[in-house]
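Below is model19.cif, which holds mmCIF, all heavy atoms.
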```cif
data_input
#
loop_
_atom_site.label_atom_id
_atom_site.label_comp_id
_atom_site.auth_asym_id
_atom_site.auth_seq_id
_atom_site.Cartn_x
_atom_site.Cartn_y
_atom_site.Cartn_z
N MET A 1 1.73 -24.22 16.05
CA MET A 1 2.95 -23.56 15.64
C MET A 1 3.32 -24.05 14.26
O MET A 1 3.23 -25.23 13.97
CB MET A 1 4.07 -23.84 16.64
CG MET A 1 5.37 -23.18 16.25
SD MET A 1 6.72 -23.47 17.37
CE MET A 1 6.17 -22.60 18.78
N ASN A 2 3.74 -23.15 13.42
CA ASN A 2 4.21 -23.49 12.08
C ASN A 2 5.72 -23.38 12.04
O ASN A 2 6.30 -22.46 12.61
CB ASN A 2 3.63 -22.54 11.03
CG ASN A 2 2.14 -22.67 10.90
OD1 ASN A 2 1.61 -23.76 10.97
ND2 ASN A 2 1.46 -21.56 10.70
N VAL A 3 6.35 -24.32 11.37
CA VAL A 3 7.81 -24.31 11.19
C VAL A 3 8.11 -24.27 9.71
O VAL A 3 7.63 -25.12 8.95
CB VAL A 3 8.47 -25.55 11.82
CG1 VAL A 3 9.97 -25.53 11.60
CG2 VAL A 3 8.14 -25.65 13.30
N THR A 4 8.88 -23.28 9.29
CA THR A 4 9.29 -23.16 7.90
C THR A 4 10.81 -23.29 7.84
O THR A 4 11.52 -22.55 8.52
CB THR A 4 8.89 -21.79 7.32
OG1 THR A 4 7.48 -21.62 7.48
CG2 THR A 4 9.25 -21.68 5.86
N VAL A 5 11.31 -24.26 7.08
CA VAL A 5 12.76 -24.42 6.91
C VAL A 5 13.21 -23.41 5.87
O VAL A 5 12.78 -23.44 4.72
CB VAL A 5 13.13 -25.85 6.49
CG1 VAL A 5 14.63 -25.97 6.24
CG2 VAL A 5 12.68 -26.85 7.54
N LEU A 6 14.08 -22.50 6.28
CA LEU A 6 14.58 -21.48 5.38
C LEU A 6 15.84 -21.93 4.65
O LEU A 6 16.05 -21.60 3.49
CB LEU A 6 14.87 -20.19 6.15
CG LEU A 6 13.68 -19.57 6.88
CD1 LEU A 6 14.13 -18.38 7.70
CD2 LEU A 6 12.58 -19.18 5.91
N GLU A 7 16.68 -22.71 5.35
CA GLU A 7 17.94 -23.13 4.76
C GLU A 7 18.50 -24.31 5.55
O GLU A 7 18.37 -24.37 6.76
CB GLU A 7 18.93 -21.96 4.80
CG GLU A 7 20.23 -22.21 4.12
CD GLU A 7 21.15 -20.99 4.15
OE1 GLU A 7 20.75 -19.93 4.66
OE2 GLU A 7 22.28 -21.11 3.67
N ILE A 8 19.09 -25.26 4.84
CA ILE A 8 19.83 -26.34 5.47
C ILE A 8 21.29 -25.90 5.44
O ILE A 8 21.87 -25.73 4.36
CB ILE A 8 19.63 -27.67 4.74
CG1 ILE A 8 18.16 -28.04 4.72
CG2 ILE A 8 20.47 -28.76 5.40
CD1 ILE A 8 17.82 -29.24 3.85
N LEU A 9 21.87 -25.68 6.63
CA LEU A 9 23.19 -25.06 6.69
C LEU A 9 24.33 -26.04 6.45
O LEU A 9 25.14 -25.85 5.55
CB LEU A 9 23.37 -24.35 8.02
CG LEU A 9 22.39 -23.21 8.28
CD1 LEU A 9 22.58 -22.64 9.66
CD2 LEU A 9 22.55 -22.13 7.23
N LYS A 10 24.46 -27.10 7.29
CA LYS A 10 25.57 -28.03 7.10
C LYS A 10 25.36 -29.26 7.97
O LYS A 10 24.58 -29.26 8.91
CB LYS A 10 26.89 -27.36 7.48
CG LYS A 10 27.01 -27.03 8.97
CD LYS A 10 28.37 -26.46 9.31
CE LYS A 10 28.49 -26.26 10.81
NZ LYS A 10 29.83 -25.87 11.21
N LYS A 11 26.08 -30.30 7.61
CA LYS A 11 26.12 -31.49 8.45
C LYS A 11 27.16 -31.24 9.54
O LYS A 11 28.14 -30.54 9.32
CB LYS A 11 26.52 -32.72 7.63
CG LYS A 11 25.48 -33.13 6.63
CD LYS A 11 25.92 -34.38 5.89
CE LYS A 11 24.85 -34.78 4.89
NZ LYS A 11 25.25 -35.98 4.14
N ASP A 12 26.93 -31.80 10.73
CA ASP A 12 27.83 -31.55 11.86
C ASP A 12 27.70 -32.70 12.85
O ASP A 12 26.80 -33.53 12.74
CB ASP A 12 27.44 -30.23 12.53
CG ASP A 12 28.55 -29.65 13.40
OD1 ASP A 12 29.64 -30.26 13.49
OD2 ASP A 12 28.32 -28.58 13.98
N VAL A 13 28.59 -32.73 13.81
CA VAL A 13 28.53 -33.70 14.90
C VAL A 13 28.52 -32.91 16.21
O VAL A 13 29.38 -32.08 16.45
CB VAL A 13 29.73 -34.67 14.87
CG1 VAL A 13 29.70 -35.60 16.08
CG2 VAL A 13 29.76 -35.46 13.58
N VAL A 14 27.50 -33.15 17.04
CA VAL A 14 27.37 -32.50 18.34
C VAL A 14 27.15 -33.59 19.37
O VAL A 14 26.25 -34.42 19.22
CB VAL A 14 26.20 -31.49 18.36
CG1 VAL A 14 26.01 -30.91 19.74
CG2 VAL A 14 26.42 -30.38 17.33
N ASP A 15 27.96 -33.61 20.42
CA ASP A 15 27.87 -34.63 21.47
C ASP A 15 27.86 -36.04 20.87
O ASP A 15 27.05 -36.89 21.25
CB ASP A 15 26.62 -34.41 22.34
CG ASP A 15 26.67 -33.12 23.12
OD1 ASP A 15 27.79 -32.67 23.46
OD2 ASP A 15 25.60 -32.55 23.38
N ASN A 16 28.75 -36.28 19.92
CA ASN A 16 28.91 -37.58 19.26
C ASN A 16 27.67 -38.02 18.49
O ASN A 16 27.50 -39.19 18.19
CB ASN A 16 29.32 -38.67 20.26
CG ASN A 16 30.69 -38.41 20.84
OD1 ASN A 16 31.59 -37.95 20.13
ND2 ASN A 16 30.85 -38.67 22.12
N GLU A 17 26.76 -37.09 18.17
CA GLU A 17 25.57 -37.39 17.37
C GLU A 17 25.66 -36.60 16.06
O GLU A 17 25.80 -35.38 16.08
CB GLU A 17 24.29 -36.98 18.10
CG GLU A 17 24.03 -37.73 19.39
CD GLU A 17 23.56 -39.15 19.14
OE1 GLU A 17 22.97 -39.42 18.08
OE2 GLU A 17 23.78 -39.99 20.03
N SER A 18 25.61 -37.30 14.93
CA SER A 18 25.67 -36.58 13.66
C SER A 18 24.28 -36.09 13.27
O SER A 18 23.27 -36.72 13.59
CB SER A 18 26.25 -37.47 12.56
OG SER A 18 25.43 -38.60 12.38
N GLY A 19 24.25 -34.96 12.63
CA GLY A 19 22.98 -34.38 12.22
C GLY A 19 23.20 -33.20 11.30
O GLY A 19 24.30 -33.00 10.78
N LYS A 20 22.16 -32.43 11.06
CA LYS A 20 22.23 -31.27 10.19
C LYS A 20 21.72 -30.04 10.94
O LYS A 20 20.83 -30.14 11.77
CB LYS A 20 21.35 -31.46 8.95
CG LYS A 20 21.81 -32.55 8.04
CD LYS A 20 20.89 -32.69 6.85
CE LYS A 20 21.31 -33.83 5.96
NZ LYS A 20 20.39 -34.03 4.85
N TRP A 21 22.30 -28.90 10.65
CA TRP A 21 21.83 -27.62 11.17
C TRP A 21 20.84 -27.03 10.18
O TRP A 21 21.09 -26.98 8.99
CB TRP A 21 22.99 -26.65 11.35
CG TRP A 21 23.88 -26.98 12.50
CD1 TRP A 21 25.08 -27.63 12.44
CD2 TRP A 21 23.64 -26.70 13.87
NE1 TRP A 21 25.60 -27.77 13.70
CE2 TRP A 21 24.74 -27.21 14.60
CE3 TRP A 21 22.61 -26.08 14.57
CZ2 TRP A 21 24.84 -27.10 15.98
CZ3 TRP A 21 22.71 -25.97 15.95
CH2 TRP A 21 23.81 -26.47 16.64
N PHE A 22 19.68 -26.60 10.69
CA PHE A 22 18.64 -25.99 9.87
C PHE A 22 18.40 -24.57 10.35
O PHE A 22 18.40 -24.32 11.55
CB PHE A 22 17.31 -26.76 9.99
CG PHE A 22 17.34 -28.12 9.39
CD1 PHE A 22 17.80 -29.22 10.10
CD2 PHE A 22 16.89 -28.31 8.09
CE1 PHE A 22 17.80 -30.48 9.54
CE2 PHE A 22 16.89 -29.58 7.52
CZ PHE A 22 17.35 -30.66 8.25
N TYR A 23 18.19 -23.64 9.42
CA TYR A 23 17.78 -22.29 9.74
C TYR A 23 16.28 -22.27 9.54
O TYR A 23 15.80 -22.47 8.43
CB TYR A 23 18.50 -21.30 8.82
CG TYR A 23 18.34 -19.85 9.20
CD1 TYR A 23 18.50 -19.43 10.51
CD2 TYR A 23 18.05 -18.91 8.24
CE1 TYR A 23 18.37 -18.10 10.85
CE2 TYR A 23 17.92 -17.57 8.57
CZ TYR A 23 18.08 -17.17 9.87
OH TYR A 23 17.93 -15.86 10.21
N VAL A 24 15.51 -22.07 10.64
CA VAL A 24 14.06 -22.19 10.57
C VAL A 24 13.37 -20.92 11.06
O VAL A 24 13.93 -20.14 11.81
CB VAL A 24 13.53 -23.40 11.38
CG1 VAL A 24 14.09 -24.69 10.83
CG2 VAL A 24 13.84 -23.27 12.85
N LEU A 25 12.14 -20.76 10.63
CA LEU A 25 11.28 -19.68 11.09
C LEU A 25 10.11 -20.32 11.83
O LEU A 25 9.41 -21.16 11.26
CB LEU A 25 10.78 -18.86 9.90
CG LEU A 25 9.77 -17.76 10.19
CD1 LEU A 25 10.42 -16.68 11.06
CD2 LEU A 25 9.26 -17.17 8.89
N LEU A 26 9.92 -19.97 13.10
CA LEU A 26 8.81 -20.48 13.90
C LEU A 26 7.76 -19.40 14.00
O LEU A 26 8.05 -18.27 14.36
CB LEU A 26 9.28 -20.86 15.31
CG LEU A 26 10.43 -21.85 15.41
CD1 LEU A 26 10.83 -22.02 16.87
CD2 LEU A 26 10.05 -23.18 14.80
N THR A 27 6.53 -19.75 13.68
CA THR A 27 5.44 -18.78 13.79
C THR A 27 4.29 -19.41 14.57
O THR A 27 4.06 -20.61 14.51
CB THR A 27 4.92 -18.34 12.42
OG1 THR A 27 4.53 -19.47 11.67
CG2 THR A 27 5.98 -17.58 11.65
N SER A 28 3.61 -18.57 15.33
CA SER A 28 2.51 -19.05 16.15
C SER A 28 1.53 -17.90 16.38
O SER A 28 1.94 -16.74 16.46
CB SER A 28 3.06 -19.52 17.50
OG SER A 28 2.04 -19.96 18.34
N PRO A 29 0.25 -18.21 16.48
CA PRO A 29 -0.70 -17.15 16.80
C PRO A 29 -0.45 -16.59 18.21
O PRO A 29 0.11 -17.28 19.06
CB PRO A 29 -2.06 -17.84 16.75
CG PRO A 29 -1.83 -19.25 16.48
CD PRO A 29 -0.37 -19.49 16.33
N MET A 30 -0.83 -15.35 18.42
CA MET A 30 -0.64 -14.71 19.72
C MET A 30 -1.93 -14.02 20.12
O MET A 30 -2.50 -13.25 19.33
CB MET A 30 0.50 -13.69 19.62
CG MET A 30 0.88 -13.09 20.93
SD MET A 30 2.38 -12.14 20.76
CE MET A 30 1.72 -10.50 20.73
N TRP A 31 -2.41 -14.27 21.33
CA TRP A 31 -3.64 -13.68 21.84
C TRP A 31 -3.32 -12.40 22.59
O TRP A 31 -2.44 -12.36 23.44
CB TRP A 31 -4.32 -14.66 22.78
CG TRP A 31 -5.58 -14.11 23.37
CD1 TRP A 31 -5.72 -13.63 24.64
CD2 TRP A 31 -6.84 -13.96 22.74
NE1 TRP A 31 -7.01 -13.19 24.83
CE2 TRP A 31 -7.72 -13.39 23.67
CE3 TRP A 31 -7.32 -14.25 21.47
CZ2 TRP A 31 -9.05 -13.12 23.37
CZ3 TRP A 31 -8.64 -13.99 21.18
CH2 TRP A 31 -9.49 -13.43 22.14
N VAL A 32 -4.02 -11.32 22.26
CA VAL A 32 -3.89 -10.04 22.96
C VAL A 32 -5.27 -9.68 23.47
O VAL A 32 -6.22 -9.59 22.70
CB VAL A 32 -3.35 -8.95 22.00
CG1 VAL A 32 -3.28 -7.62 22.71
CG2 VAL A 32 -1.98 -9.33 21.47
N ASP A 33 -5.39 -9.49 24.81
CA ASP A 33 -6.71 -9.31 25.39
C ASP A 33 -7.02 -7.89 25.87
O ASP A 33 -8.04 -7.67 26.52
CB ASP A 33 -6.93 -10.30 26.52
CG ASP A 33 -5.96 -10.09 27.67
OD1 ASP A 33 -5.05 -9.25 27.54
OD2 ASP A 33 -6.11 -10.77 28.69
N ASN A 34 -6.15 -6.93 25.57
CA ASN A 34 -6.50 -5.55 25.93
C ASN A 34 -5.89 -4.57 24.94
O ASN A 34 -4.92 -4.88 24.25
CB ASN A 34 -6.11 -5.24 27.38
CG ASN A 34 -4.62 -5.27 27.60
OD1 ASN A 34 -3.88 -4.60 26.90
ND2 ASN A 34 -4.17 -6.03 28.57
N GLU A 35 -6.46 -3.38 24.86
CA GLU A 35 -6.04 -2.40 23.86
C GLU A 35 -4.62 -1.91 24.07
O GLU A 35 -3.90 -1.66 23.11
CB GLU A 35 -7.01 -1.22 23.86
CG GLU A 35 -8.35 -1.56 23.25
CD GLU A 35 -9.25 -0.35 23.13
OE1 GLU A 35 -8.72 0.78 22.98
OE2 GLU A 35 -10.47 -0.53 23.19
N ASP A 36 -4.18 -1.78 25.35
CA ASP A 36 -2.83 -1.31 25.62
C ASP A 36 -1.80 -2.29 25.05
O ASP A 36 -0.85 -1.89 24.38
CB ASP A 36 -2.62 -1.13 27.13
CG ASP A 36 -1.28 -0.49 27.45
OD1 ASP A 36 -0.92 0.49 26.77
OD2 ASP A 36 -0.61 -0.98 28.38
N MET A 37 -2.01 -3.57 25.30
CA MET A 37 -1.09 -4.58 24.79
C MET A 37 -1.17 -4.65 23.27
O MET A 37 -0.15 -4.80 22.59
CB MET A 37 -1.40 -5.94 25.41
CG MET A 37 -0.36 -6.98 25.11
SD MET A 37 1.22 -6.46 25.82
CE MET A 37 2.19 -7.88 25.41
N ASP A 38 -2.36 -4.52 22.71
CA ASP A 38 -2.54 -4.52 21.25
C ASP A 38 -1.72 -3.39 20.63
O ASP A 38 -1.05 -3.58 19.63
CB ASP A 38 -4.03 -4.37 20.91
CG ASP A 38 -4.30 -4.41 19.43
OD1 ASP A 38 -3.61 -5.17 18.71
OD2 ASP A 38 -5.20 -3.69 18.97
N ARG A 39 -1.76 -2.23 21.26
CA ARG A 39 -1.01 -1.08 20.76
C ARG A 39 0.50 -1.35 20.82
O ARG A 39 1.22 -1.07 19.87
CB ARG A 39 -1.38 0.16 21.59
CG ARG A 39 -1.04 1.46 20.97
CD ARG A 39 -1.64 2.68 21.68
NE ARG A 39 -2.09 2.50 23.07
CZ ARG A 39 -3.35 2.32 23.45
NH1 ARG A 39 -4.32 2.27 22.57
NH2 ARG A 39 -3.67 2.18 24.73
N LYS A 40 0.98 -1.91 21.93
CA LYS A 40 2.41 -2.20 22.09
C LYS A 40 2.88 -3.23 21.06
O LYS A 40 3.93 -3.06 20.44
CB LYS A 40 2.69 -2.71 23.49
CG LYS A 40 2.58 -1.64 24.55
CD LYS A 40 2.81 -2.21 25.93
CE LYS A 40 2.61 -1.14 26.98
NZ LYS A 40 2.76 -1.68 28.34
N VAL A 41 2.10 -4.29 20.89
CA VAL A 41 2.47 -5.33 19.91
C VAL A 41 2.47 -4.74 18.50
O VAL A 41 3.37 -5.00 17.71
CB VAL A 41 1.52 -6.54 20.01
CG1 VAL A 41 1.73 -7.50 18.85
CG2 VAL A 41 1.69 -7.26 21.33
N SER A 42 1.47 -3.92 18.20
CA SER A 42 1.39 -3.30 16.88
C SER A 42 2.60 -2.40 16.62
O SER A 42 3.14 -2.38 15.51
CB SER A 42 0.10 -2.49 16.75
OG SER A 42 -1.01 -3.34 16.80
N GLU A 43 3.04 -1.68 17.64
CA GLU A 43 4.21 -0.81 17.48
C GLU A 43 5.48 -1.64 17.27
O GLU A 43 6.31 -1.31 16.43
CB GLU A 43 4.37 0.08 18.70
CG GLU A 43 3.32 1.17 18.81
CD GLU A 43 3.38 1.94 20.12
OE1 GLU A 43 4.29 1.68 20.93
OE2 GLU A 43 2.49 2.79 20.32
N ILE A 44 5.62 -2.72 18.04
CA ILE A 44 6.82 -3.56 17.93
C ILE A 44 6.93 -4.16 16.52
O ILE A 44 7.99 -4.17 15.92
CB ILE A 44 6.80 -4.68 18.99
CG1 ILE A 44 6.99 -4.07 20.38
CG2 ILE A 44 7.86 -5.73 18.71
CD1 ILE A 44 6.73 -5.04 21.52
N PHE A 45 5.81 -4.66 16.01
CA PHE A 45 5.83 -5.34 14.73
C PHE A 45 5.40 -4.45 13.56
O PHE A 45 5.24 -4.92 12.45
CB PHE A 45 4.95 -6.61 14.78
CG PHE A 45 5.52 -7.65 15.70
CD1 PHE A 45 4.90 -7.89 16.92
CD2 PHE A 45 6.63 -8.37 15.37
CE1 PHE A 45 5.41 -8.85 17.79
CE2 PHE A 45 7.15 -9.33 16.22
CZ PHE A 45 6.54 -9.56 17.43
N ASN A 46 5.25 -3.16 13.85
CA ASN A 46 4.88 -2.17 12.83
C ASN A 46 3.60 -2.60 12.08
O ASN A 46 3.56 -2.62 10.86
CB ASN A 46 6.04 -1.94 11.86
CG ASN A 46 5.86 -0.68 11.05
OD1 ASN A 46 5.19 0.24 11.47
ND2 ASN A 46 6.47 -0.66 9.87
N LEU A 47 2.56 -2.95 12.85
CA LEU A 47 1.29 -3.38 12.29
C LEU A 47 0.27 -2.26 12.41
O LEU A 47 0.29 -1.48 13.34
CB LEU A 47 0.75 -4.59 13.06
CG LEU A 47 1.66 -5.82 13.13
CD1 LEU A 47 1.07 -6.84 14.08
CD2 LEU A 47 1.86 -6.41 11.76
N SER A 48 -0.63 -2.21 11.46
CA SER A 48 -1.72 -1.25 11.58
C SER A 48 -2.82 -1.92 12.39
O SER A 48 -3.14 -3.09 12.20
CB SER A 48 -2.25 -0.83 10.21
OG SER A 48 -2.71 -1.94 9.49
N SER A 49 -3.39 -1.20 13.33
CA SER A 49 -4.44 -1.76 14.20
C SER A 49 -5.72 -1.94 13.40
O SER A 49 -6.12 -1.09 12.65
CB SER A 49 -4.68 -0.83 15.39
OG SER A 49 -5.44 -1.47 16.36
N GLY A 50 -6.36 -3.10 13.57
CA GLY A 50 -7.56 -3.35 12.80
C GLY A 50 -8.61 -3.83 13.67
O GLY A 50 -9.69 -3.99 13.69
#
```
Please express what this file holds, its structure, as structure tokens.
Amino acid sequence: MNVTVLEILKKDVVDNESGKWFYVLLTSPMWVDNEDMDRKVSEIFNLSSG
């Protein structure tokens, strides 16, 4: 899984623990093992089938 920090939002305290809020993008490979699912995923993400 890849994590990309898009923005550091602010310092805050949650449950008496100080820290920072980060806006992140998580990406990971996805396995598709049949044509029907490939078609559905391609439609959802507007991908051309290759």
> How many Å lie between atom C of Val24 of chain A and atom O of Ser42 of chain A, rounded to one decimal?
Replying inline: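 Interatomic distance here is 21.6 Å.
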> By how many Å are atom CA of Glu7 of chain A and atom CA of Trp21 of chain A apart?
Replying inline: 8.7 Å
> Taking the file as shown, what set of residues would the PyMOL selection byres (((chain A and resi 9 and name CA) around 12) and name CA) give back, as a list in words?
Replying inline: Val5, Leu6, Glu7, Ile8, Lys10, Lys11, Asp12, Gly19, Lys20, Trp21, Phe22, Tyr23 and Val24 of chain A
> Closest to Met1 of chain A among A:Leu47, A:Val32, A:Leu26, A:Val41, using only C-alpha atoms?
Replying inline: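 That would be A:Leu26, the residue with the smallest distance to Met1 of chain A.
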> Just asking: which residues within chain A are alpha helix (DSSP H) according to DSSP, as JSON, numbers by chain?
Replying inline: {"A": [35, 36, 37, 38, 39, 40, 41, 42, 43, 44]}
> So which residues get picked by the PyMOL selection byres ((chain A and resi 3) around 4) here, written as a list of chain:residue names?
Replying inline: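 Residues picked by the PyMOL selection byres ((chain A and resi 3) around 4): A:Asn2, A:Thr4, A:Leu25, A:Leu26.
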Any chance you could export the current selection's all heavy atoms as a compact mmCIF listing (two decimals), keeping the file's coordinate frame?
```txt
# COMPACT_ATOMS: atom_id res chain seq x y z
N ASN A 2 3.74 -23.15 13.42
CA ASN A 2 4.21 -23.49 12.08
C ASN A 2 5.72 -23.38 12.04
O ASN A 2 6.30 -22.46 12.61
CB ASN A 2 3.63 -22.54 11.03
CG ASN A 2 2.14 -22.67 10.90
OD1 ASN A 2 1.61 -23.76 10.97
ND2 ASN A 2 1.46 -21.56 10.70
N THR A 4 8.88 -23.28 9.29
CA THR A 4 9.29 -23.16 7.90
C THR A 4 10.81 -23.29 7.84
O THR A 4 11.52 -22.55 8.52
CB THR A 4 8.89 -21.79 7.32
OG1 THR A 4 7.48 -21.62 7.48
CG2 THR A 4 9.25 -21.68 5.86
N LEU A 25 12.14 -20.76 10.63
CA LEU A 25 11.28 -19.68 11.09
C LEU A 25 10.11 -20.32 11.83
O LEU A 25 9.41 -21.16 11.26
CB LEU A 25 10.78 -18.86 9.90
CG LEU A 25 9.77 -17.76 10.19
CD1 LEU A 25 10.42 -16.68 11.06
CD2 LEU A 25 9.26 -17.17 8.89
N LEU A 26 9.92 -19.97 13.10
CA LEU A 26 8.81 -20.48 13.90
C LEU A 26 7.76 -19.40 14.00
O LEU A 26 8.05 -18.27 14.36
CB LEU A 26 9.28 -20.86 15.31
CG LEU A 26 10.43 -21.85 15.41
CD1 LEU A 26 10.83 -22.02 16.87
CD2 LEU A 26 10.05 -23.18 14.80
```
If the box runs along x, y and z of the file and leaves 8 Å on each side of segment 2-16 of chain A, what are its centre and edge lengths in Å, one decimal, as AutoDock Vina command-line options?
```
--center_x 16.5 --center_y -28.8 --center_z 13.5 --size_x 46.1 --size_y 36.8 --size_z 36.0
```
> What is the distance between atom CB of Phe45 of chain A and atom N of Asp33 of chain A, in Å to one decimal?
Replying inline: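 Atom-to-atom, atom CB of Phe45 of chain A and atom N of Asp33 of chain A are spaced 14.7 Å apart.
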> Taking the backbone alone, and naming residues the way the document does, which bits of chain A are strand (DSSP E or B) by DSSP, as a list in words?
Replying inline: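 Those residues are Asn2, Val3, Thr4, Val5, Leu6, Glu7, Ile8, Leu9, Lys10, Lys11, Asp12, Val13, Val14, Glu17, Ser18, Gly19, Lys20, Trp21, Phe22, Tyr23, Val24, Leu25, Leu26 and Thr27 of chain A.
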